>>> print(open('final_12.txt').read())   # compact mmCIF, C-alpha atoms
# COMPACT_ATOMS: atom_id res chain seq x y z
CA MET A 1 -43.36 -11.94 -53.81
CA ARG A 2 -43.14 -15.43 -55.30
CA VAL A 3 -45.77 -16.41 -57.89
CA LEU A 4 -46.40 -19.79 -59.51
CA LEU A 5 -48.29 -19.62 -62.84
CA ALA A 6 -49.89 -22.87 -64.05
CA GLY A 7 -51.01 -23.26 -67.64
CA GLY A 8 -49.94 -24.79 -70.89
CA GLY A 9 -50.71 -26.99 -73.85
CA THR A 10 -51.87 -24.35 -76.31
CA ALA A 11 -51.53 -20.62 -76.95
CA GLY A 12 -54.96 -20.19 -75.36
CA HIS A 13 -53.36 -20.89 -71.99
CA THR A 14 -49.76 -19.80 -72.49
CA SER A 15 -50.47 -16.38 -74.02
CA PRO A 16 -52.48 -14.99 -71.08
CA LEU A 17 -50.04 -16.64 -68.67
CA LEU A 18 -47.08 -14.82 -70.21
CA ALA A 19 -48.99 -11.55 -70.47
CA THR A 20 -49.75 -11.77 -66.73
CA ALA A 21 -46.13 -12.65 -65.93
CA ASP A 22 -44.91 -9.59 -67.82
CA ALA A 23 -47.46 -7.37 -66.06
CA LEU A 24 -46.37 -8.68 -62.65
CA ARG A 25 -42.75 -7.87 -63.53
CA ARG A 26 -43.70 -4.35 -64.59
CA LEU A 27 -45.59 -3.75 -61.35
CA ASP A 28 -42.91 -5.37 -59.18
CA PRO A 29 -39.50 -5.98 -60.80
CA SER A 30 -38.44 -8.01 -57.76
CA ALA A 31 -41.26 -10.55 -58.18
CA GLU A 32 -40.05 -14.14 -58.51
CA ILE A 33 -42.15 -15.83 -61.19
CA THR A 34 -42.11 -19.55 -61.99
CA CYS A 35 -44.31 -21.30 -64.57
CA VAL A 36 -45.65 -24.86 -64.51
CA GLY A 37 -46.43 -26.90 -67.61
CA THR A 38 -46.23 -30.41 -69.01
CA PRO A 39 -43.49 -31.94 -71.18
CA ARG A 40 -45.60 -31.91 -74.34
CA GLY A 41 -47.10 -28.42 -74.44
CA LEU A 42 -46.28 -25.17 -76.24
CA GLU A 43 -44.98 -23.81 -72.94
CA ASN A 44 -41.73 -25.76 -73.42
CA THR A 45 -40.84 -23.31 -76.19
CA VAL A 46 -42.50 -20.02 -75.34
CA VAL A 47 -41.92 -19.84 -71.58
CA PRO A 48 -38.11 -20.20 -71.66
CA ALA A 49 -38.01 -17.86 -74.67
CA ALA A 50 -39.80 -15.25 -72.55
CA GLY A 51 -37.18 -15.62 -69.83
CA TYR A 52 -39.18 -17.43 -67.14
CA PRO A 53 -38.21 -20.67 -65.38
CA LEU A 54 -40.42 -23.65 -66.21
CA GLU A 55 -41.27 -26.61 -63.99
CA LEU A 56 -42.85 -29.72 -65.55
CA ILE A 57 -45.44 -32.12 -64.17
CA PRO A 58 -47.21 -35.07 -65.87
CA PRO A 59 -50.32 -34.12 -67.89
CA VAL A 60 -53.78 -35.27 -66.81
CA PRO A 61 -56.00 -35.49 -69.91
CA LEU A 62 -59.70 -35.31 -69.04
CA PRO A 63 -61.54 -37.24 -71.80
CA ARG A 64 -65.15 -36.36 -72.57
CA ALA A 65 -65.99 -39.94 -73.60
CA LEU A 66 -66.03 -43.20 -71.67
CA ASN A 67 -62.79 -44.89 -72.74
CA ALA A 68 -59.59 -46.42 -71.37
CA GLU A 69 -58.03 -42.97 -70.89
CA LEU A 70 -60.89 -41.96 -68.62
CA LEU A 71 -60.27 -44.99 -66.42
CA ARG A 72 -56.65 -43.91 -66.00
CA VAL A 73 -57.55 -40.41 -64.78
CA PRO A 74 -57.42 -41.19 -61.01
CA THR A 75 -53.94 -42.72 -61.26
CA ASN A 76 -52.68 -39.96 -63.55
CA LEU A 77 -54.12 -37.30 -61.29
CA ARG A 78 -52.49 -38.69 -58.14
CA ARG A 79 -49.12 -38.79 -59.91
CA ALA A 80 -49.50 -35.22 -61.16
CA VAL A 81 -50.66 -33.86 -57.78
CA ARG A 82 -47.63 -35.46 -56.13
CA ALA A 83 -45.34 -33.80 -58.69
CA ALA A 84 -47.13 -30.48 -58.22
CA ARG A 85 -46.63 -30.66 -54.44
CA GLU A 86 -42.91 -31.18 -55.03
CA VAL A 87 -42.85 -28.05 -57.21
CA LEU A 88 -44.69 -26.06 -54.55
CA ASP A 89 -42.24 -27.24 -51.89
CA ARG A 90 -39.28 -26.10 -54.02
CA VAL A 91 -40.70 -22.77 -55.17
CA ARG A 92 -42.65 -21.91 -51.98
CA PRO A 93 -44.95 -19.43 -53.76
CA ASP A 94 -47.07 -16.82 -52.00
CA VAL A 95 -49.83 -17.39 -54.55
CA VAL A 96 -50.71 -19.84 -57.35
CA VAL A 97 -52.38 -18.62 -60.54
CA GLY A 98 -54.05 -21.16 -62.83
CA TYR A 99 -55.36 -20.80 -66.37
CA GLY A 100 -57.15 -24.14 -66.75
CA GLY A 101 -56.32 -27.20 -68.82
CA TYR A 102 -54.29 -30.34 -68.14
CA VAL A 103 -51.73 -28.53 -66.00
CA SER A 104 -53.87 -26.51 -63.64
CA LEU A 105 -56.07 -29.11 -61.93
CA PRO A 106 -53.26 -30.98 -60.12
CA VAL A 107 -51.67 -27.65 -59.15
CA TYR A 108 -54.97 -26.42 -57.69
CA LEU A 109 -55.29 -29.59 -55.62
CA ALA A 110 -51.66 -29.45 -54.46
CA ALA A 111 -52.02 -25.77 -53.52
CA ARG A 112 -55.08 -26.55 -51.44
CA ARG A 113 -53.16 -29.27 -49.62
CA ARG A 114 -50.26 -26.87 -48.97
CA LYS A 115 -52.65 -24.03 -48.03
CA VAL A 116 -51.31 -21.73 -50.75
CA PRO A 117 -53.95 -19.22 -51.96
CA VAL A 118 -55.18 -19.71 -55.53
CA VAL A 119 -56.25 -17.25 -58.23
CA VAL A 120 -58.06 -18.71 -61.25
CA HIS A 121 -58.32 -17.10 -64.67
CA GLU A 122 -60.75 -18.53 -67.25
CA GLN A 123 -60.16 -17.44 -70.83
CA ASN A 124 -63.34 -18.88 -72.41
CA ALA A 125 -66.95 -17.85 -71.88
CA LEU A 126 -67.74 -21.50 -71.06
CA PRO A 127 -65.35 -22.78 -68.38
CA GLY A 128 -63.50 -26.07 -68.60
CA LEU A 129 -63.62 -28.75 -65.92
CA ALA A 130 -60.26 -27.81 -64.35
CA ASN A 131 -61.34 -24.23 -63.69
CA LYS A 132 -64.79 -25.28 -62.48
CA ILE A 133 -62.98 -27.24 -59.77
CA GLY A 134 -60.33 -24.56 -59.27
CA ALA A 135 -62.92 -21.83 -58.76
CA ARG A 136 -64.24 -23.73 -55.71
CA VAL A 137 -60.89 -23.49 -53.95
CA ALA A 138 -59.79 -20.09 -55.30
CA VAL A 139 -59.61 -16.86 -53.34
CA ARG A 140 -60.30 -14.80 -56.50
CA VAL A 141 -61.58 -15.75 -59.97
CA GLY A 142 -60.96 -13.58 -63.03
CA VAL A 143 -62.82 -14.15 -66.31
CA SER A 144 -62.36 -12.94 -69.87
CA PHE A 145 -66.02 -12.46 -70.77
CA PRO A 146 -69.02 -11.09 -68.86
CA ASP A 147 -71.47 -13.64 -67.40
CA THR A 148 -68.97 -16.52 -67.37
CA PRO A 149 -70.62 -19.12 -65.10
CA LEU A 150 -68.06 -19.49 -62.29
CA PRO A 151 -68.51 -18.79 -58.57
CA HIS A 152 -67.58 -15.21 -57.51
CA ALA A 153 -66.25 -14.46 -61.01
CA GLU A 154 -64.80 -10.98 -61.62
CA TYR A 155 -64.74 -9.60 -65.16
CA VAL A 156 -61.16 -8.50 -65.84
CA GLY A 157 -60.84 -9.43 -69.52
CA LEU A 158 -58.24 -11.62 -71.20
CA PRO A 159 -54.57 -10.67 -70.68
CA ILE A 160 -53.05 -10.05 -74.11
CA ARG A 161 -49.59 -9.15 -75.33
CA ARG A 162 -48.51 -5.53 -74.94
CA LEU A 163 -47.54 -5.58 -78.61
CA VAL A 164 -51.27 -5.86 -79.32
CA SER A 165 -52.86 -4.09 -76.35
CA THR A 166 -50.89 -0.89 -77.02
CA LEU A 167 -51.41 -1.04 -80.80
CA ASP A 168 -52.28 2.13 -82.71
CA ARG A 169 -53.71 0.62 -85.89
CA ALA A 170 -53.86 3.82 -87.89
CA ALA A 171 -50.27 4.78 -87.07
CA LEU A 172 -48.93 1.32 -88.00
CA ARG A 173 -51.15 0.60 -91.03
CA ALA A 174 -48.77 1.69 -93.80
CA GLU A 175 -45.81 -0.11 -92.23
CA ALA A 176 -47.88 -3.26 -91.69
CA ARG A 177 -49.20 -3.41 -95.24
CA ALA A 178 -45.74 -2.83 -96.67
CA PHE A 179 -44.43 -5.65 -94.46
CA PHE A 180 -46.85 -8.13 -96.10
CA GLY A 181 -46.48 -6.74 -99.62
CA LEU A 182 -50.01 -5.33 -99.69
CA ASP A 183 -51.29 -2.24 -101.45
CA LEU A 184 -51.20 0.67 -99.01
CA GLU A 185 -54.60 2.08 -100.07
CA ARG A 186 -56.84 -0.90 -100.84
CA VAL A 187 -59.46 -2.32 -98.50
CA THR A 188 -57.86 -5.29 -96.75
CA VAL A 189 -59.38 -8.49 -95.37
CA VAL A 190 -57.19 -10.62 -93.11
CA VAL A 191 -58.11 -14.30 -92.78
CA THR A 192 -56.67 -16.63 -90.16
CA GLY A 193 -57.73 -19.98 -88.77
CA GLY A 194 -55.61 -19.75 -85.64
CA SER A 195 -52.21 -21.25 -84.92
CA GLN A 196 -52.92 -24.40 -86.99
CA GLY A 197 -55.15 -22.94 -89.69
CA ALA A 198 -58.73 -23.93 -90.55
CA ARG A 199 -59.62 -25.97 -93.62
CA ARG A 200 -63.17 -24.61 -93.87
CA LEU A 201 -61.95 -21.02 -93.88
CA ASN A 202 -59.11 -21.79 -96.27
CA GLU A 203 -61.34 -23.49 -98.84
CA ALA A 204 -64.13 -20.90 -98.79
CA ILE A 205 -61.83 -17.88 -98.93
CA THR A 206 -59.70 -19.33 -101.73
CA ALA A 207 -62.77 -20.18 -103.79
CA ALA A 208 -64.09 -16.64 -103.32
CA ALA A 209 -60.80 -15.01 -104.38
CA PRO A 210 -62.16 -13.83 -107.79
CA VAL A 211 -65.05 -12.05 -106.03
CA PHE A 212 -62.65 -10.21 -103.71
CA ALA A 213 -60.60 -9.18 -106.75
CA GLN A 214 -63.67 -7.92 -108.65
CA ALA A 215 -64.55 -5.72 -105.67
CA GLY A 216 -60.96 -4.42 -105.45
CA VAL A 217 -60.48 -5.99 -102.00
CA GLN A 218 -57.04 -7.41 -101.20
CA VAL A 219 -56.60 -10.43 -98.92
CA LEU A 220 -53.96 -11.50 -96.44
CA HIS A 221 -54.63 -15.21 -95.96
CA VAL A 222 -52.84 -17.03 -93.12
CA VAL A 223 -53.47 -20.68 -93.98
CA GLY A 224 -51.64 -22.41 -91.12
CA PRO A 225 -48.13 -23.86 -90.85
CA LYS A 226 -49.02 -27.36 -92.11
CA ASN A 227 -51.32 -26.34 -94.97
CA GLU A 228 -50.41 -25.78 -98.60
CA LEU A 229 -50.52 -22.24 -99.92
CA PRO A 230 -53.46 -21.75 -102.29
CA GLN A 231 -52.93 -21.11 -105.98
CA VAL A 232 -54.98 -18.03 -106.80
CA PRO A 233 -55.11 -16.72 -110.40
CA PRO A 234 -53.41 -13.32 -110.72
CA SER A 235 -55.86 -10.44 -110.91
CA GLY A 236 -53.96 -7.24 -110.28
CA VAL A 237 -55.40 -7.11 -106.75
CA PRO A 238 -53.04 -8.51 -104.10
CA TYR A 239 -53.91 -11.90 -102.58
CA VAL A 240 -51.07 -12.68 -100.18
CA ALA A 241 -51.04 -16.20 -98.73
CA VAL A 242 -48.63 -17.18 -95.94
CA ASN A 243 -48.36 -20.18 -93.66
CA TYR A 244 -47.78 -18.30 -90.42
CA VAL A 245 -47.61 -14.76 -89.02
CA ASP A 246 -45.48 -14.03 -85.98
CA ARG A 247 -46.30 -10.30 -86.03
CA MET A 248 -49.99 -10.33 -85.17
CA ASP A 249 -49.81 -6.63 -84.45
CA TYR A 250 -48.99 -6.08 -88.12
CA ALA A 251 -51.87 -8.33 -89.24
CA LEU A 252 -54.33 -6.42 -87.03
CA ALA A 253 -52.99 -3.05 -88.19
CA ALA A 254 -53.25 -4.06 -91.85
CA ALA A 255 -56.85 -5.27 -91.55
CA ASP A 256 -60.04 -3.37 -92.31
CA LEU A 257 -61.91 -6.60 -91.60
CA MET A 258 -60.81 -9.92 -90.09
CA VAL A 259 -62.23 -13.39 -90.71
CA CYS A 260 -61.21 -15.90 -88.04
CA ARG A 261 -62.14 -18.59 -85.55
CA ALA A 262 -63.53 -17.48 -82.19
CA GLY A 263 -60.91 -18.61 -79.72
CA ALA A 264 -60.65 -16.31 -76.73
CA SER A 265 -57.42 -14.69 -77.94
CA SER A 266 -58.73 -14.11 -81.47
CA VAL A 267 -61.94 -12.50 -80.20
CA THR A 268 -60.20 -10.38 -77.58
CA GLU A 269 -57.30 -9.15 -79.72
CA ALA A 270 -59.50 -8.15 -82.66
CA ALA A 271 -62.13 -6.44 -80.52
CA ALA A 272 -59.70 -4.69 -78.18
CA VAL A 273 -57.99 -2.86 -81.04
CA GLY A 274 -61.21 -2.23 -82.95
CA VAL A 275 -60.92 -4.62 -85.89
CA PRO A 276 -64.39 -5.58 -87.18
CA ALA A 277 -64.60 -9.34 -87.51
CA VAL A 278 -66.47 -12.29 -88.94
CA PHE A 279 -66.22 -15.09 -86.39
CA VAL A 280 -66.55 -18.71 -87.53
CA PRO A 281 -66.59 -20.81 -84.34
CA LEU A 282 -64.94 -24.21 -84.37
CA ALA A 283 -67.65 -26.84 -84.82
CA ILE A 284 -66.23 -29.23 -82.21
CA GLY A 285 -65.90 -28.83 -78.44
CA ASN A 286 -68.48 -27.57 -75.97
CA GLY A 287 -69.58 -24.57 -78.00
CA GLU A 288 -67.26 -22.23 -76.09
CA GLN A 289 -66.07 -20.42 -79.22
CA ARG A 290 -69.59 -19.31 -80.13
CA LEU A 291 -70.09 -18.06 -76.57
CA ASN A 292 -66.74 -16.22 -76.72
CA ALA A 293 -67.91 -14.30 -79.78
CA LEU A 294 -71.45 -13.49 -78.62
CA PRO A 295 -70.70 -10.39 -76.48
CA VAL A 296 -68.87 -8.71 -79.37
CA VAL A 297 -71.53 -9.77 -81.88
CA GLU A 298 -74.37 -8.55 -79.65
CA ALA A 299 -72.56 -5.23 -79.18
CA GLY A 300 -72.44 -4.82 -82.96
CA GLY A 301 -68.71 -5.33 -83.39
CA ALA A 302 -68.73 -8.57 -85.37
CA LEU A 303 -70.75 -11.09 -87.35
CA LEU A 304 -71.15 -14.74 -86.38
CA VAL A 305 -71.60 -17.61 -88.84
CA ALA A 306 -71.71 -21.36 -88.24
CA ASP A 307 -68.84 -23.39 -89.62
CA ALA A 308 -71.11 -25.39 -91.94
CA GLU A 309 -72.58 -22.20 -93.41
CA PHE A 310 -69.24 -20.56 -94.15
CA THR A 311 -69.06 -21.27 -97.89
CA ALA A 312 -67.64 -19.42 -100.87
CA ASP A 313 -71.15 -18.20 -101.71
CA TRP A 314 -71.64 -16.86 -98.18
CA VAL A 315 -68.28 -15.09 -98.40
CA ALA A 316 -69.26 -13.54 -101.74
CA ASP A 317 -72.70 -12.48 -100.52
CA THR A 318 -71.77 -11.27 -97.03
CA VAL A 319 -68.04 -10.77 -96.41
CA VAL A 320 -67.20 -8.90 -99.62
CA PRO A 321 -70.09 -6.37 -99.35
CA LEU A 322 -69.21 -5.79 -95.70
CA ALA A 323 -65.55 -5.19 -96.55
CA VAL A 324 -66.41 -2.31 -98.91
CA ASP A 325 -68.95 -0.70 -96.56
CA ALA A 326 -66.71 1.82 -94.81
CA ASP A 327 -69.45 3.35 -92.65
CA ARG A 328 -70.57 -0.02 -91.31
CA LEU A 329 -66.98 -1.07 -90.59
CA ALA A 330 -66.37 2.16 -88.66
CA ALA A 331 -69.46 1.57 -86.52
CA MET A 332 -68.46 -2.04 -85.85
CA SER A 333 -64.95 -0.95 -84.89
CA ALA A 334 -66.25 1.55 -82.34
CA SER A 335 -68.65 -1.01 -80.85
CA ALA A 336 -65.96 -3.68 -80.48
CA SER A 337 -63.27 -1.50 -78.96
CA ALA A 338 -65.67 -0.05 -76.38
CA LEU A 339 -66.46 -3.52 -75.03
CA ILE A 340 -63.10 -5.23 -74.43
CA PRO A 341 -60.56 -3.94 -71.86
CA ARG A 342 -56.98 -3.59 -73.07
CA ASP A 343 -55.48 -3.63 -69.58
CA ALA A 344 -56.61 -7.10 -68.46
CA ASP A 345 -53.00 -8.12 -67.86
CA GLU A 346 -52.53 -5.44 -65.21
CA ARG A 347 -56.01 -5.99 -63.75
CA LEU A 348 -55.23 -9.66 -63.19
CA ALA A 349 -51.69 -8.91 -61.98
CA ARG A 350 -53.04 -6.51 -59.32
CA MET A 351 -55.52 -9.16 -58.24
CA VAL A 352 -52.64 -11.60 -57.83
CA GLN A 353 -50.65 -9.03 -55.84
CA GLU A 354 -53.58 -8.46 -53.49
CA VAL A 355 -53.97 -12.19 -52.82
CA ALA A 356 -50.22 -12.65 -52.30
CA GLY A 357 -50.21 -9.71 -49.89
CA ARG A 358 -52.68 -11.41 -47.62
>>> encode(input="final_12.txt", output="structure tokens")
Amino acid sequence: MRVLLAGGGTAGHTSPLLATADALRRLDPSAEITCVGTPRGLENTVVPAAGYPLELIPPVPLPRALNAELLRVPTNLRRAVRAAREVLDRVRPDVVVGYGGYVSLPVYLAARRRKVPVVVHEQNALPGLANKIGARVAVRVGVSFPDTPLPHAEYVGLPIRRLVSTLDRAALRAEARAFFGLDLERVTVVVTGGSQGARRLNEAITAAAPVFAQAGVQVLHVVGPKNELPQVPPSGVPYVAVNYVDRMDYALAAADLMVCRAGASSVTEAAAVGVPAVFVPLAIGNGEQRLNALPVVEAGGALLVADAEFTADWVADTVVPLAVDADRLAAMSASASALIPRDADERLARMVQEVAGR
């Protein structure tokens, strides 16, 4: 079986792509897997590091505003589709799997021309343009969240890394807290704004540091790789600030409560392993982050607050009391973990196998 996986740009596309690739290899070690990306995406680092060959095609940005870039879309798209057809002719896949974004649209169109069956996976609750088009030509469509508005969508969940999906938080908690230099017994809040950090979260959490300390709550604050580490007055209660965490399993195991954006991966990873969360959706975009969080919030596994309302006062009045309410956190944990499947990688991989087998 030969499989071509198309996705890139950000971790939102590359993480589920790699999780699916690994699941396909576990199910069929003889599977030949090739990935497609663009020269400027995260895939140029993470795909080769994971041991998969990477083909590159030109990106096709799809602007939301009327500007010069929008006028160039037809030319850019023709160039990218031509490059994608050349990749298909070299790889000769039995099936193409797309995850949306700049990379996937030209691959979908090239696959249709070459009569290669397509599987689409949409990671957000609100689909992007590429996957709206891809779903029309796809044989199967997998989605991360229930009620995602795509034709013949099948709820499989979001493929996540085995390091996270197989996590036993209780068993790893002491090791994880020791890894970050945290107190082994204190209530712990983990704050992260995603791979680049989030200024709103950073400012509000830092300003509320004395309130966390007064309540005896320690904080692991991941500020983002390009942001300065905050200067928090010493209090005797750990406040650990770092630029980046490459062991997200440790961060999830250390946490009694997480405060984060509501990207698909953040929502899925926290909920799947039962970490209660406060989701602060990114204020820009099409509102997909809020929609990502809603199923978990409505199930009782998380709180949702608008970016503009996430202030130091709101943190002091809402986040700190929640962090010390053990009974409420336990109920939220049970609600979240019951909603999100941990085996989405294998569900999607079996879907791909079925399509390839046709």
>>> closest_atom_pairs(input="final_12.txt", of="range 156-179 of chain A", to="range 322-342 of chain A", cutoff="8 Å", atoms="only C-alpha atoms", output="CSV")
residue,atom,partner,partner_atom,distance
A:Val156,CA,A:Pro341,CA,7.6
A:Gly157,CA,A:Pro341,CA,6.0
A:Pro159,CA,A:Arg342,CA,7.9
A:Ile160,CA,A:Arg342,CA,7.6
A:Ser165,CA,A:Arg342,CA,5.3
A:Thr166,CA,A:Arg342,CA,7.7
>>> atom_distance(input="final_12.txt", atom1="CA of Ile57 in chain A", atom2="CA of Val103 in chain A")
7.5 Å
>>> closest_atom_pairs(input="final_12.txt", of="range 1-49 of chain A", to="range 344-353 of chain A", cutoff="7 Å", atoms="all atoms listed in the file", output="JSON lines")
{"residue": "A:Ala19", "atom": "CA", "partner": "A:Asp345", "partner_atom": "CA", "distance": 5.9}
{"residue": "A:Thr20", "atom": "CA", "partner": "A:Asp345", "partner_atom": "CA", "distance": 5.0}
{"residue": "A:Ala23", "atom": "CA", "partner": "A:Glu346", "partner_atom": "CA", "distance": 5.5}
{"residue": "A:Leu24", "atom": "CA", "partner": "A:Ala349", "partner_atom": "CA", "distance": 5.4}
>>> atom_distance(input="final_12.txt", atom1="CA of Gln123 in chain A", atom2="CA of Val191 in chain A")
22.3 Å
>>> residues_around(input="final_12.txt", residues="Ala171 in chain A", least_positions_apart="5", cutoff="12 Å", atoms="only C-alpha atoms", output="list in words")
Thr166, Ala176, Arg177, Asp249, Tyr250, Leu252, Ala253 and Ala254 of chain A
>>> closest_residue(input="final_12.txt", among="A:Ala125, A:Leu88, A:Val60, A:Ala293", to="Asn76 in chain A", atoms="all atoms listed in the file")
A:Val60
>>> residues_around(input="final_12.txt", residues="Tyr239 in chain A", least_positions_apart="5", cutoff="12 Å", atoms="all atoms listed in the file", output="PyMOL selection string")
chain A and resi 180-183+186-191+205-206+208-213+216-222+229-234
>>> atom_distance(input="final_12.txt", atom1="CA of Val242 in chain A", atom2="CA of Gly287 in chain A")
28.6 Å
>>> closest_residue(input="final_12.txt", among="A:Arg136, A:Ala153, A:Asp94, A:Ala84", to="Arg113 in chain A", atoms="only C-alpha atoms")
A:Ala84
>>> residues_around(input="final_12.txt", residues="Val137 in chain A", least_positions_apart="4", cutoff="9 Å", atoms="only C-alpha atoms", output="mmCIF file with C-alpha atoms, in the coordinates of the input")
data_model
loop_
_atom_site.group_PDB
_atom_site.id
_atom_site.type_symbol
_atom_site.label_atom_id
_atom_site.label_comp_id
_atom_site.auth_asym_id
_atom_site.auth_seq_id
_atom_site.Cartn_x
_atom_site.Cartn_y
_atom_site.Cartn_z
ATOM 1 C CA TYR A 108 -54.970 -26.420 -57.690
ATOM 2 C CA LEU A 109 -55.290 -29.590 -55.620
ATOM 3 C CA ARG A 112 -55.080 -26.550 -51.440
ATOM 4 C CA PRO A 117 -53.950 -19.220 -51.960
ATOM 5 C CA VAL A 118 -55.180 -19.710 -55.530
ATOM 6 C CA VAL A 119 -56.250 -17.250 -58.230
ATOM 7 C CA ILE A 133 -62.980 -27.240 -59.770
#
>>> closest_atom_pairs(input="final_12.txt", of="range 74-127 of chain A", to="range 45-55 of chain A", cutoff="10 Å", atoms="all atoms listed in the file", output="CSV")
residue,atom,partner,partner_atom,distance
A:Ala83,CA,A:Glu55,CA,9.8
A:Ala84,CA,A:Glu55,CA,9.1
A:Val87,CA,A:Glu55,CA,7.1
A:Val91,CA,A:Glu55,CA,9.6
>>> closest_residue(input="final_12.txt", among="A:Val139, A:Ala356, A:Leu129, A:Val95", to="Glu154 in chain A", atoms="all atoms listed in the file")
A:Val139
>>> closest_residue(input="final_12.txt", among="A:Ala11, A:Leu167, A:Val275, A:Leu294", to="Leu42 in chain A", atoms="only C-alpha atoms")
A:Ala11
>>> closest_residue(input="final_12.txt", among="A:Val36, A:Val3, A:Ala251, A:Leu201", to="Ala21 in chain A", atoms="all atoms listed in the file")
A:Val3
>>> residues_near_point(input="final_12.txt", point="(-57.4, -22.8, -62.3)", cutoff="7 Å", atoms="all atoms listed in the file", output="mmCIF file with C-alpha atoms, in the coordinates of the input")
data_model
loop_
_atom_site.group_PDB
_atom_site.id
_atom_site.type_symbol
_atom_site.label_atom_id
_atom_site.label_comp_id
_atom_site.auth_asym_id
_atom_site.auth_seq_id
_atom_site.Cartn_x
_atom_site.Cartn_y
_atom_site.Cartn_z
ATOM 1 C CA VAL A 97 -52.380 -18.620 -60.540
ATOM 2 C CA GLY A 98 -54.050 -21.160 -62.830
ATOM 3 C CA TYR A 99 -55.360 -20.800 -66.370
ATOM 4 C CA GLY A 100 -57.150 -24.140 -66.750
ATOM 5 C CA SER A 104 -53.870 -26.510 -63.640
ATOM 6 C CA LEU A 105 -56.070 -29.110 -61.930
ATOM 7 C CA TYR A 108 -54.970 -26.420 -57.690
ATOM 8 C CA VAL A 119 -56.250 -17.250 -58.230
ATOM 9 C CA VAL A 120 -58.060 -18.710 -61.250
ATOM 10 C CA HIS A 121 -58.320 -17.100 -64.670
ATOM 11 C CA ALA A 130 -60.260 -27.810 -64.350
ATOM 12 C CA ASN A 131 -61.340 -24.230 -63.690
ATOM 13 C CA GLY A 134 -60.330 -24.560 -59.270
ATOM 14 C CA ALA A 135 -62.920 -21.830 -58.760
#
>>> closest_residue(input="final_12.txt", among="A:Pro281, A:Pro225, A:Gly9, A:Pro93", to="Glu309 in chain A", atoms="all atoms listed in the file")
A:Pro281
